[in-house]
$ cat coords.txt   # compact mmCIF, C-alpha atoms and all ligand atoms
# COMPACT_ATOMS: atom_id res chain seq x y z
CA MET A 1 192.77 94.18 126.93
CA ARG A 2 194.50 97.10 128.67
CA PHE A 3 196.57 94.73 130.85
CA GLU A 4 198.68 91.99 129.25
CA ILE A 5 198.89 89.17 131.76
CA THR A 6 201.88 86.84 131.43
CA VAL A 7 201.28 83.21 132.33
CA GLU A 8 203.70 80.69 133.79
CA LYS A 9 201.95 77.37 134.31
CA VAL A 10 202.89 74.63 136.77
CA LYS A 11 204.88 71.73 135.36
CA GLU A 12 202.57 69.28 137.06
CA SER A 13 199.15 69.96 138.58
CA ARG A 14 198.56 69.02 142.24
CA ILE A 15 194.90 68.32 141.57
CA SER A 16 195.26 64.56 142.10
CA GLU A 17 195.95 65.37 145.80
CA PHE A 18 192.54 67.04 146.05
CA ASP A 19 189.76 64.84 147.48
CA PRO A 20 186.40 66.50 146.66
CA GLN A 21 184.67 64.33 149.29
CA ASN A 22 186.89 65.66 152.07
CA ILE A 23 187.60 69.29 151.31
CA GLY A 24 187.61 71.19 154.62
CA PHE A 25 188.18 74.93 154.48
CA GLY A 26 191.26 76.93 153.50
CA LYS A 27 193.81 74.12 153.59
CA MET A 28 194.42 73.41 149.95
CA PHE A 29 195.18 75.91 147.22
CA THR A 30 194.81 75.70 143.46
CA ASP A 31 197.80 75.38 141.15
CA HIS A 32 198.22 79.06 140.30
CA MET A 33 197.94 82.59 141.66
CA PHE A 34 197.68 86.05 140.16
CA LEU A 35 200.10 88.83 141.12
CA ALA A 36 200.56 92.48 140.15
CA ASP A 37 202.93 95.13 141.53
CA TYR A 38 202.29 98.79 142.22
CA LYS A 39 205.43 100.87 141.52
CA ASN A 40 206.05 104.49 140.58
CA GLY A 41 202.36 105.28 140.81
CA GLU A 42 201.03 102.52 138.54
CA TRP A 43 200.08 98.86 138.45
CA THR A 44 202.61 96.78 136.52
CA ASN A 45 203.67 93.24 135.71
CA PRO A 46 200.33 91.43 136.03
CA ARG A 47 201.10 87.71 135.95
CA ILE A 48 199.82 84.24 136.66
CA VAL A 49 202.45 82.07 138.31
CA PRO A 50 202.49 78.72 140.14
CA TYR A 51 200.99 79.02 143.65
CA GLY A 52 203.92 79.29 146.05
CA ASN A 53 205.74 81.31 148.67
CA LEU A 54 206.40 85.00 148.23
CA SER A 55 209.81 86.42 148.98
CA LEU A 56 209.58 89.47 151.28
CA SER A 57 211.99 91.85 152.96
CA PRO A 58 212.00 91.65 156.77
CA ALA A 59 211.12 95.38 156.67
CA THR A 60 208.01 94.81 154.49
CA SER A 61 205.85 97.70 155.59
CA ALA A 62 202.51 95.80 155.68
CA ILE A 63 203.90 93.60 158.45
CA HIS A 64 204.91 96.57 160.59
CA TYR A 65 202.35 99.27 159.83
CA GLY A 66 199.34 97.26 158.71
CA GLN A 67 198.52 98.43 155.19
CA SER A 68 196.93 95.12 154.30
CA ILE A 69 193.41 94.53 152.96
CA PHE A 70 191.56 91.59 151.47
CA GLU A 71 188.34 90.26 149.99
CA GLY A 72 186.51 86.96 150.00
CA MET A 73 184.33 85.71 147.18
CA LYS A 74 183.22 82.43 145.66
CA ALA A 75 182.88 80.63 142.33
CA PHE A 76 180.56 77.67 141.76
CA ALA A 77 180.25 74.83 139.29
CA SER A 78 177.21 75.45 137.10
CA SER A 79 174.60 72.73 137.21
CA LYS A 80 173.39 73.88 133.79
CA ASN A 81 176.52 73.50 131.68
CA ASN A 82 179.15 71.07 132.84
CA HIS A 83 182.11 73.21 131.85
CA ASP A 84 180.78 76.56 133.14
CA ILE A 85 181.54 78.19 136.45
CA THR A 86 179.74 81.15 137.97
CA ILE A 87 181.32 83.91 140.04
CA PHE A 88 178.92 85.62 142.42
CA ARG A 89 178.88 89.44 142.30
CA PRO A 90 182.65 89.92 141.74
CA SER A 91 182.40 93.61 140.88
CA ASP A 92 180.93 94.24 144.34
CA ASN A 93 184.03 92.69 145.88
CA ALA A 94 186.25 94.79 143.62
CA ALA A 95 184.38 97.93 144.71
CA ARG A 96 184.62 97.02 148.41
CA LEU A 97 188.35 96.31 148.08
CA ASN A 98 188.73 99.81 146.69
CA ARG A 99 186.72 101.33 149.57
CA SER A 100 189.12 99.57 151.94
CA ALA A 101 192.07 100.80 149.88
CA VAL A 102 190.98 104.45 150.07
CA ARG A 103 190.55 104.34 153.87
CA MET A 104 193.92 102.61 154.32
CA ALA A 105 195.69 105.14 152.03
CA MET A 106 196.46 102.40 149.50
CA PRO A 107 196.15 102.61 145.70
CA GLU A 108 192.88 101.46 144.17
CA ILE A 109 192.83 98.48 141.81
CA PRO A 110 191.32 99.29 138.42
CA GLU A 111 188.25 97.06 138.08
CA ASP A 112 189.43 95.78 134.68
CA LEU A 113 192.73 94.62 136.21
CA PHE A 114 190.89 92.90 139.08
CA MET A 115 188.53 91.16 136.64
CA ALA A 116 191.20 90.24 134.09
CA GLY A 117 193.35 88.63 136.80
CA LEU A 118 190.37 86.86 138.34
CA HIS A 119 189.04 85.52 135.03
CA GLN A 120 192.39 84.32 133.80
CA LEU A 121 193.21 82.58 137.10
CA LEU A 122 189.84 80.82 137.17
CA GLU A 123 190.10 79.90 133.51
CA ILE A 124 193.40 78.13 134.19
CA ASP A 125 192.36 76.53 137.50
CA ARG A 126 188.73 75.81 136.58
CA ALA A 127 189.12 72.07 137.31
CA TRP A 128 189.52 72.93 141.01
CA VAL A 129 185.96 74.21 141.40
CA PRO A 130 184.26 71.45 143.45
CA ARG A 131 181.15 69.82 142.06
CA THR A 132 180.20 68.32 145.42
CA GLU A 133 177.13 69.41 147.46
CA GLY A 134 177.91 72.61 149.37
CA GLY A 135 181.31 72.95 147.70
CA ALA A 136 182.71 76.11 146.10
CA LEU A 137 185.96 77.72 145.10
CA TYR A 138 186.79 80.37 147.69
CA ILE A 139 188.72 83.25 146.13
CA ARG A 140 190.98 85.53 148.11
CA PRO A 141 191.99 88.84 146.45
CA TYR A 142 194.27 90.94 148.67
CA MET A 143 196.70 93.83 148.64
CA PHE A 144 199.53 94.76 150.96
CA ALA A 145 202.31 97.32 151.19
CA THR A 146 205.74 96.05 150.16
CA ASP A 147 208.04 99.00 150.92
CA ASP A 148 211.38 97.83 152.25
CA TYR A 149 211.48 100.70 154.74
CA ILE A 150 211.09 101.29 158.47
CA GLY A 151 209.16 104.45 159.40
CA VAL A 152 205.41 105.07 159.62
CA LYS A 153 204.27 106.53 156.31
CA VAL A 154 202.03 105.73 153.36
CA ALA A 155 203.93 103.09 151.38
CA ASP A 156 204.95 103.63 147.74
CA ASN A 157 204.91 99.97 146.67
CA TYR A 158 202.19 97.33 146.89
CA CYS A 159 201.44 93.79 145.83
CA PHE A 160 197.96 92.76 144.64
CA ALA A 161 197.34 89.03 144.60
CA ILE A 162 194.54 86.55 144.06
CA PHE A 163 194.62 82.90 145.04
CA ALA A 164 191.85 80.36 145.41
CA CYS A 165 191.04 77.27 147.42
CA PRO A 166 188.33 74.64 147.05
CA VAL A 167 186.11 74.64 150.13
CA GLY A 168 183.33 72.63 151.68
CA PRO A 169 180.70 73.94 154.11
CA TYR A 170 182.13 76.26 156.81
CA TYR A 171 180.04 75.47 159.88
CA ASN A 172 177.64 72.56 159.98
CA LYS A 173 175.41 73.21 162.99
CA ALA A 174 173.27 75.97 164.49
CA LEU A 175 175.59 78.35 166.28
CA ARG A 176 175.66 79.87 169.75
CA VAL A 177 176.82 83.49 169.80
CA LYS A 178 177.99 85.59 172.72
CA VAL A 179 176.75 89.17 172.88
CA GLU A 180 180.00 91.06 173.46
CA ASP A 181 179.73 93.75 176.10
CA GLU A 182 183.34 94.38 177.01
CA PHE A 183 185.51 94.35 173.88
CA SER A 184 184.86 96.32 170.69
CA ARG A 185 185.56 95.32 167.13
CA ALA A 186 185.58 98.83 165.68
CA ALA A 187 185.19 102.47 166.68
CA PRO A 188 183.27 105.34 165.03
CA GLY A 189 185.58 107.01 162.51
CA GLY A 190 187.82 103.93 162.47
CA VAL A 191 188.22 101.13 159.95
CA GLY A 192 185.36 98.79 160.87
CA PHE A 193 183.73 99.18 157.44
CA THR A 194 186.91 97.97 155.69
CA LYS A 195 188.34 94.50 155.31
CA CYS A 196 191.74 95.47 156.68
CA ALA A 197 193.71 92.63 158.21
CA GLY A 198 193.99 94.35 161.61
CA ASN A 199 190.22 94.13 162.20
CA TYR A 200 190.50 90.36 162.23
CA GLY A 201 193.65 90.20 164.36
CA ALA A 202 192.00 92.44 166.97
CA ALA A 203 188.95 90.16 167.17
CA LEU A 204 190.87 86.95 167.84
CA TYR A 205 191.43 87.39 171.59
CA PRO A 206 187.79 88.22 172.52
CA THR A 207 186.63 85.43 170.19
CA ALA A 208 188.96 82.92 171.86
CA LEU A 209 187.56 83.96 175.28
CA ALA A 210 183.99 83.49 174.01
CA GLN A 211 184.90 80.07 172.62
CA LYS A 212 186.31 79.06 176.01
CA GLU A 213 182.87 79.85 177.43
CA GLY A 214 181.33 77.43 174.91
CA TYR A 215 180.24 79.91 172.23
CA ASP A 216 180.99 79.58 168.52
CA GLN A 217 181.23 83.26 167.67
CA ILE A 218 180.83 86.77 169.04
CA LEU A 219 177.83 88.91 168.24
CA TRP A 220 179.48 92.32 168.21
CA THR A 221 177.58 95.27 169.63
CA ASP A 222 178.21 98.99 169.16
CA PRO A 223 181.40 100.18 170.87
CA ILE A 224 179.75 102.93 172.97
CA GLU A 225 176.77 101.33 174.75
CA HIS A 226 177.25 97.65 173.86
CA GLU A 227 173.52 97.66 173.25
CA TRP A 228 173.07 97.83 169.47
CA VAL A 229 173.67 94.70 167.42
CA GLU A 230 176.29 94.98 164.67
CA GLU A 231 177.58 91.69 163.18
CA THR A 232 179.58 88.57 164.05
CA GLY A 233 183.27 88.01 163.28
CA THR A 234 182.73 87.22 159.60
CA THR A 235 179.00 87.54 159.02
CA ASN A 236 176.03 89.93 159.16
CA PHE A 237 173.01 89.32 161.40
CA PHE A 238 169.28 88.82 160.69
CA ALA A 239 166.30 88.17 162.95
CA VAL A 240 162.90 86.95 161.78
CA TYR A 241 159.71 87.95 163.57
CA GLY A 242 156.97 86.03 161.74
CA LYS A 243 157.02 87.32 158.14
CA THR A 244 159.14 90.37 158.94
CA VAL A 245 162.90 90.21 158.70
CA VAL A 246 165.07 92.75 160.50
CA THR A 247 168.77 93.43 160.13
CA PRO A 248 170.95 96.17 161.65
CA SER A 249 171.30 99.21 159.40
CA LEU A 250 174.89 99.72 158.26
CA THR A 251 177.18 102.02 160.20
CA ASN A 252 180.83 102.84 159.60
CA THR A 253 181.78 100.30 162.27
CA MET A 254 180.28 97.40 160.27
CA LEU A 255 181.22 95.58 157.12
CA ALA A 256 178.66 95.95 154.33
CA GLY A 257 178.30 92.26 153.50
CA ILE A 258 177.58 91.37 149.90
CA THR A 259 175.61 88.36 151.15
CA ARG A 260 173.66 90.73 153.44
CA ASP A 261 172.74 92.85 150.44
CA SER A 262 171.80 89.75 148.42
CA VAL A 263 169.63 88.43 151.26
CA ILE A 264 167.81 91.76 151.64
CA LYS A 265 167.16 92.10 147.91
CA GLY A 266 166.30 88.40 147.52
CA LEU A 267 163.83 88.40 150.43
CA ARG A 268 162.10 91.51 149.07
CA HIS A 269 161.94 89.82 145.66
CA LEU A 270 160.28 86.81 147.36
CA GLY A 271 157.69 89.10 148.98
CA TYR A 272 159.03 89.40 152.52
CA THR A 273 159.26 92.68 154.41
CA VAL A 274 162.84 93.52 155.38
CA GLU A 275 163.59 96.32 157.82
CA GLU A 276 167.10 97.77 157.98
CA ARG A 277 167.18 99.58 161.29
CA PRO A 278 169.01 99.69 164.63
CA ILE A 279 168.29 96.54 166.68
CA SER A 280 168.96 96.60 170.41
CA ILE A 281 169.83 93.63 172.59
CA THR A 282 166.90 94.69 174.79
CA GLU A 283 164.59 94.26 171.79
CA LEU A 284 166.01 90.81 171.02
CA ILE A 285 165.61 89.68 174.64
CA GLU A 286 162.03 91.01 174.79
CA LYS A 287 161.16 89.27 171.52
CA GLN A 288 162.77 86.04 172.72
CA GLN A 289 160.84 86.17 176.01
CA ALA A 290 157.59 86.72 174.10
CA ALA A 291 158.53 83.76 171.80
CA GLU A 292 158.28 86.11 168.82
CA ILE A 293 161.65 85.28 167.27
CA SER A 294 161.04 82.59 164.69
CA GLU A 295 164.62 82.54 163.34
CA LEU A 296 168.00 84.13 163.84
CA PHE A 297 170.57 83.72 161.11
CA ILE A 298 173.92 85.08 159.96
CA THR A 299 175.22 85.54 156.44
CA GLY A 300 178.59 85.75 154.74
CA THR A 301 180.47 84.48 151.70
CA ALA A 302 182.49 81.89 153.60
CA ALA A 303 179.78 80.82 156.07
CA THR A 304 176.91 81.25 153.54
CA LEU A 305 173.78 81.28 155.70
CA MET A 306 173.78 79.77 159.18
CA ASN A 307 170.97 79.55 161.68
CA LEU A 308 171.68 80.54 165.25
CA ASP A 309 170.73 78.34 168.16
CA GLY A 310 170.57 81.43 170.35
CA PHE A 311 172.59 84.19 172.01
CA GLY A 312 174.13 84.61 175.43
CA ARG A 313 174.48 87.79 177.44
CA ASN A 314 175.94 88.23 180.91
CA GLY A 315 175.71 84.52 181.66
CA THR A 316 172.07 84.10 180.47
CA TYR A 317 171.43 82.11 177.31
CA TYR A 318 168.46 82.94 175.09
CA SER A 319 167.59 80.07 172.79
CA VAL A 320 165.46 80.43 169.68
CA MET A 321 165.52 76.75 168.80
CA GLU A 322 162.55 75.93 171.04
CA THR A 323 160.39 77.34 168.26
CA PRO A 324 162.38 76.10 165.28
CA ASN A 325 160.88 77.25 162.04
CA HIS A 326 163.41 77.96 159.37
CA GLU A 327 160.95 78.93 156.64
CA VAL A 328 162.49 82.31 155.84
CA SER A 329 166.16 81.36 156.00
CA THR A 330 165.51 78.21 153.98
CA ALA A 331 163.61 80.22 151.36
CA ILE A 332 166.39 82.77 150.88
CA LYS A 333 169.17 80.18 151.03
CA THR A 334 167.46 78.15 148.32
CA PHE A 335 166.83 81.30 146.25
CA LEU A 336 170.52 82.31 146.38
CA ASP A 337 171.91 78.77 145.94
CA ASN A 338 169.74 78.24 142.87
CA ILE A 339 171.07 81.43 141.29
CA LYS A 340 174.71 80.60 142.07
CA LEU A 341 174.40 77.06 140.70
CA GLN A 342 172.32 78.20 137.71
CA LYS A 343 169.40 76.04 138.79
CA SER A 344 167.13 79.05 138.30
CA ASP A 345 167.11 82.39 136.54
CA ASP A 346 169.29 85.19 137.87
CA PRO A 347 166.75 88.04 138.11
CA MET A 348 169.24 90.49 139.65
CA GLY A 349 172.05 89.72 137.18
CA TRP A 350 174.48 88.70 139.95
CA ASN A 351 176.37 85.88 138.24
CA VAL A 352 179.35 86.26 136.00
CA VAL A 353 179.54 83.06 133.95
CA LEU A 354 182.91 81.83 132.81
C1 LIG B 1 183.29 91.40 159.62
C2 LIG B 1 182.50 90.79 158.53
N1 LIG B 1 181.16 91.02 158.48
C3 LIG B 1 180.41 90.50 157.48
C4 LIG B 1 180.95 89.72 156.48
C5 LIG B 1 180.08 89.19 155.38
O1 LIG B 1 180.41 89.82 154.17
P1 LIG B 1 180.14 89.10 152.77
O2 LIG B 1 178.72 88.71 152.76
O3 LIG B 1 180.48 90.12 151.75
O4 LIG B 1 181.05 87.91 152.74
C6 LIG B 1 182.33 89.47 156.50
C7 LIG B 1 182.95 88.66 155.43
O5 LIG B 1 183.57 89.19 154.54
C8 LIG B 1 183.13 90.01 157.53
O6 LIG B 1 184.44 89.77 157.57

$ encode --input "coords.txt" --output "structure tokens" --more "lines below"
Ligand SMILES: Cc1ncc(COP(=O)(O)O)c(C=O)c1O
Amino acid sequence: MRFEITVEKVKESRISEFDPQNIGFGKMFTDHMFLADYKNGEWTNPRIVPYGNLSLSPATSAIHYGQSIFEGMKAFASSKNNHDITIFRPSDNAARLNRSAVRMAMPEIPEDLFMAGLHQLLEIDRAWVPRTEGGALYIRPYMFATDDYIGVKVADNYCFAIFACPVGPYYNKALRVKVEDEFSRAAPGGVGFTKCAGNYGAALYPTALAQKEGYDQILWTDPIEHEWVEETGTTNFFAVYGKTVVTPSLTNTMLAGITRDSVIKGLRHLGYTVEERPISITELIEKQQAAEISELFITGTAATLMNLDGFGRNGTYYSVMETPNHEVSTAIKTFLDNIKLQKSDDPMGWNVVL
């Protein structure tokens, strides 16, 4: 291996505090984490240490100037071999982290360092992968600038880290989304296609306003006309018209979801027609009025696949649940779940088995 990872294990595991029947999301972390430092133009000191607080200078540049990016991925307990776990498409997350890094003027992570850290962490904390229905180990790789320096410039020093938390299902009901026509998530030429921390901070206020109005999430539209559907806060969007599935084509204001890509490829594999093209709100309203929308659903690593109850725009709510027929979303969810849990073959070669 090109990178020698040092390992310091916990004296006593916290796993007895973990109740697999009552997991929640993002509240409990596994025993260890992976860290590496970027200094003098190279990645150094890769290490597994007990999960715990980091010590940072008050001038840490990520806090002030926002060079901070992250990923989200999942590992699953195999239903085939008791000891095995599967990681879903990790090299796609490594590649997306590096696309974010380039745009944010941060150093890229060599894929072999990303994978070595990930594998070793999961090897050590494998007992934390839930075996309960709908459970998974959520994995958070991230990188941030650590210069102890005040002044806006590209930082010289960075920390790359990976930690993991056992999670249960994210949402457990059909969601109501608000079509956003005032605020924007991202601008052309900006950083919408990256997973930089600022994208999420900027979305919190409009999302809180939408939640006050009784919505679960925002359905973001393009920042110019507020007419073209983009995505929700943490998921991509799909509509089903009979046997045809449509999803907005990617732009540089949207995140290229790995679940989105898996859903498109999986549906095509199952024989459905999937169109990637611009989708207007006008089209969605017309289709809803003509009762031609059979399903709306959103997809993401954390949320997996969630059906929408409907969407609201300018005080009018358009429900799709009056014609509930979740044939397509159920088919693709089952297809993907069976691959992740090794209940079926993996025709696309998406799993890494550990
Ligand atoms: C803004 C946004 N869109 C879409 C997604 C879905 O991406 P993925 O399927 O890779 O989790 C995410 C989650 O990472 C996200 O944060």

$ residues_around --input "coords.txt" --residues "Asp261 of chain A" --least-positions-apart "2" --cutoff "12 Å" --atoms "only C-alpha atoms" --output "ChimeraX atom specification"
/A:89,92,235-238,247-250,255-259,263-268,274,276,299-301,332,336,348,350

$ residues_around --input "coords.txt" --residues "Phe29 of chain A" --least-positions-apart "4" --cutoff "8 Å" --atoms "all atoms listed in the file" --output "list in words"
Tyr51, Phe163, Ala164, Cys165 and Pro166 of chain A

$ write_last_selection --input "coords.txt" --atoms "C-alpha atoms" --output "PDB file, keeping the file's coordinate frame"
ATOM      1  CA  TYR A  51     200.990  79.020 143.650  1.00  0.00           C
ATOM      2  CA  PHE A 163     194.620  82.900 145.040  1.00  0.00           C
ATOM      3  CA  ALA A 164     191.850  80.360 145.410  1.00  0.00           C
ATOM      4  CA  CYS A 165     191.040  77.270 147.420  1.00  0.00           C
ATOM      5  CA  PRO A 166     188.330  74.640 147.050  1.00  0.00           C
TER       6      PRO A 166
END

$ closest_residue --input "coords.txt" --among "A:His119, A:Lys178, A:Arg96, A:His326" --to "ligand LIG 1 (chain B)" --atoms "only C-alpha atoms and all ligand atoms"
A:Arg96

$ residues_around --input "coords.txt" --residues "Leu219 of chain A" --least-positions-apart "3" --cutoff "6 Å" --atoms "only C-alpha atoms" --output "PyMOL selection string"
chain A and resi 177-179+231-232

$ closest_residue --input "coords.txt" --among "A:Ile139, A:Leu209, A:Met115, A:Ala36" --to "ligand LIG 1 (chain B)" --atoms "only C-alpha atoms and all ligand atoms"
A:Ile139

$ atom_distance --input "coords.txt" --atom1 "atom CA of Thr194 of chain A" --atom2 "atom CA of Ser100 of chain A"
4.6 Å

$ residues_near_point --input "coords.txt" --point "(199.8, 100.2, 164.7)" --cutoff "12 Å" --atoms "only C-alpha atoms" --output "PyMOL selection string"
chain A and resi 61-68+151-153+197-199+201-202

$ axis_aligned_box --input "coords.txt" --around "segment 8-25 of chain A" --padding-each-side "5 Å" --output "JSON"
{"center_x": 194.8, "center_y": 72.5, "center_z": 144.2, "size_x": 30.2, "size_y": 26.4, "size_z": 30.8}

$ residues_near_point --input "coords.txt" --point "(178.8, 69.7, 159.4)" --cutoff "12 Å" --atoms "only C-alpha atoms" --output "list in words"
Asn22, Ile23, Gly24, Phe25, Gly134, Gly168, Pro169, Tyr170, Tyr171, Asn172, Lys173, Ala174, Leu175, Ala303 and Met306 of chain A

$ atom_distance --input "coords.txt" --atom1 "atom CA of Ala208 of chain A" --atom2 "atom CA of Glu322 of chain A"
27.3 Å

$ atom_distance --input "coords.txt" --atom1 "atom CA of Val328 of chain A" --atom2 "atom CA of Ile298 of chain A"
12.5 Å

$ residues_around --input "coords.txt" --residues "Ile339 of chain A" --least-positions-apart "5" --cutoff "9 Å" --atoms "all atoms listed in the file" --output "JSON list (two decimals) with C-alpha atoms, keeping the file's coordinate frame"
[["chain", "number", "residue", "atom", "x", "y", "z"],
["A", 88, "PHE", "CA", 178.92, 85.62, 142.42],
["A", 334, "THR", "CA", 167.46, 78.15, 148.32],
["A", 344, "SER", "CA", 167.13, 79.05, 138.30],
["A", 345, "ASP", "CA", 167.11, 82.39, 136.54],
["A", 346, "ASP", "CA", 169.29, 85.19, 137.87],
["A", 347, "PRO", "CA", 166.75, 88.04, 138.11],
["A", 350, "TRP", "CA", 174.48, 88.70, 139.95],
["A", 351, "ASN", "CA", 176.37, 85.88, 138.24]]

$ closest_residue --input "coords.txt" --among "A:Ala187, A:Met73, A:Ile293, A:Ile285" --to "ligand LIG 1 (chain B)" --atoms "only C-alpha atoms and all ligand atoms"
A:Met73
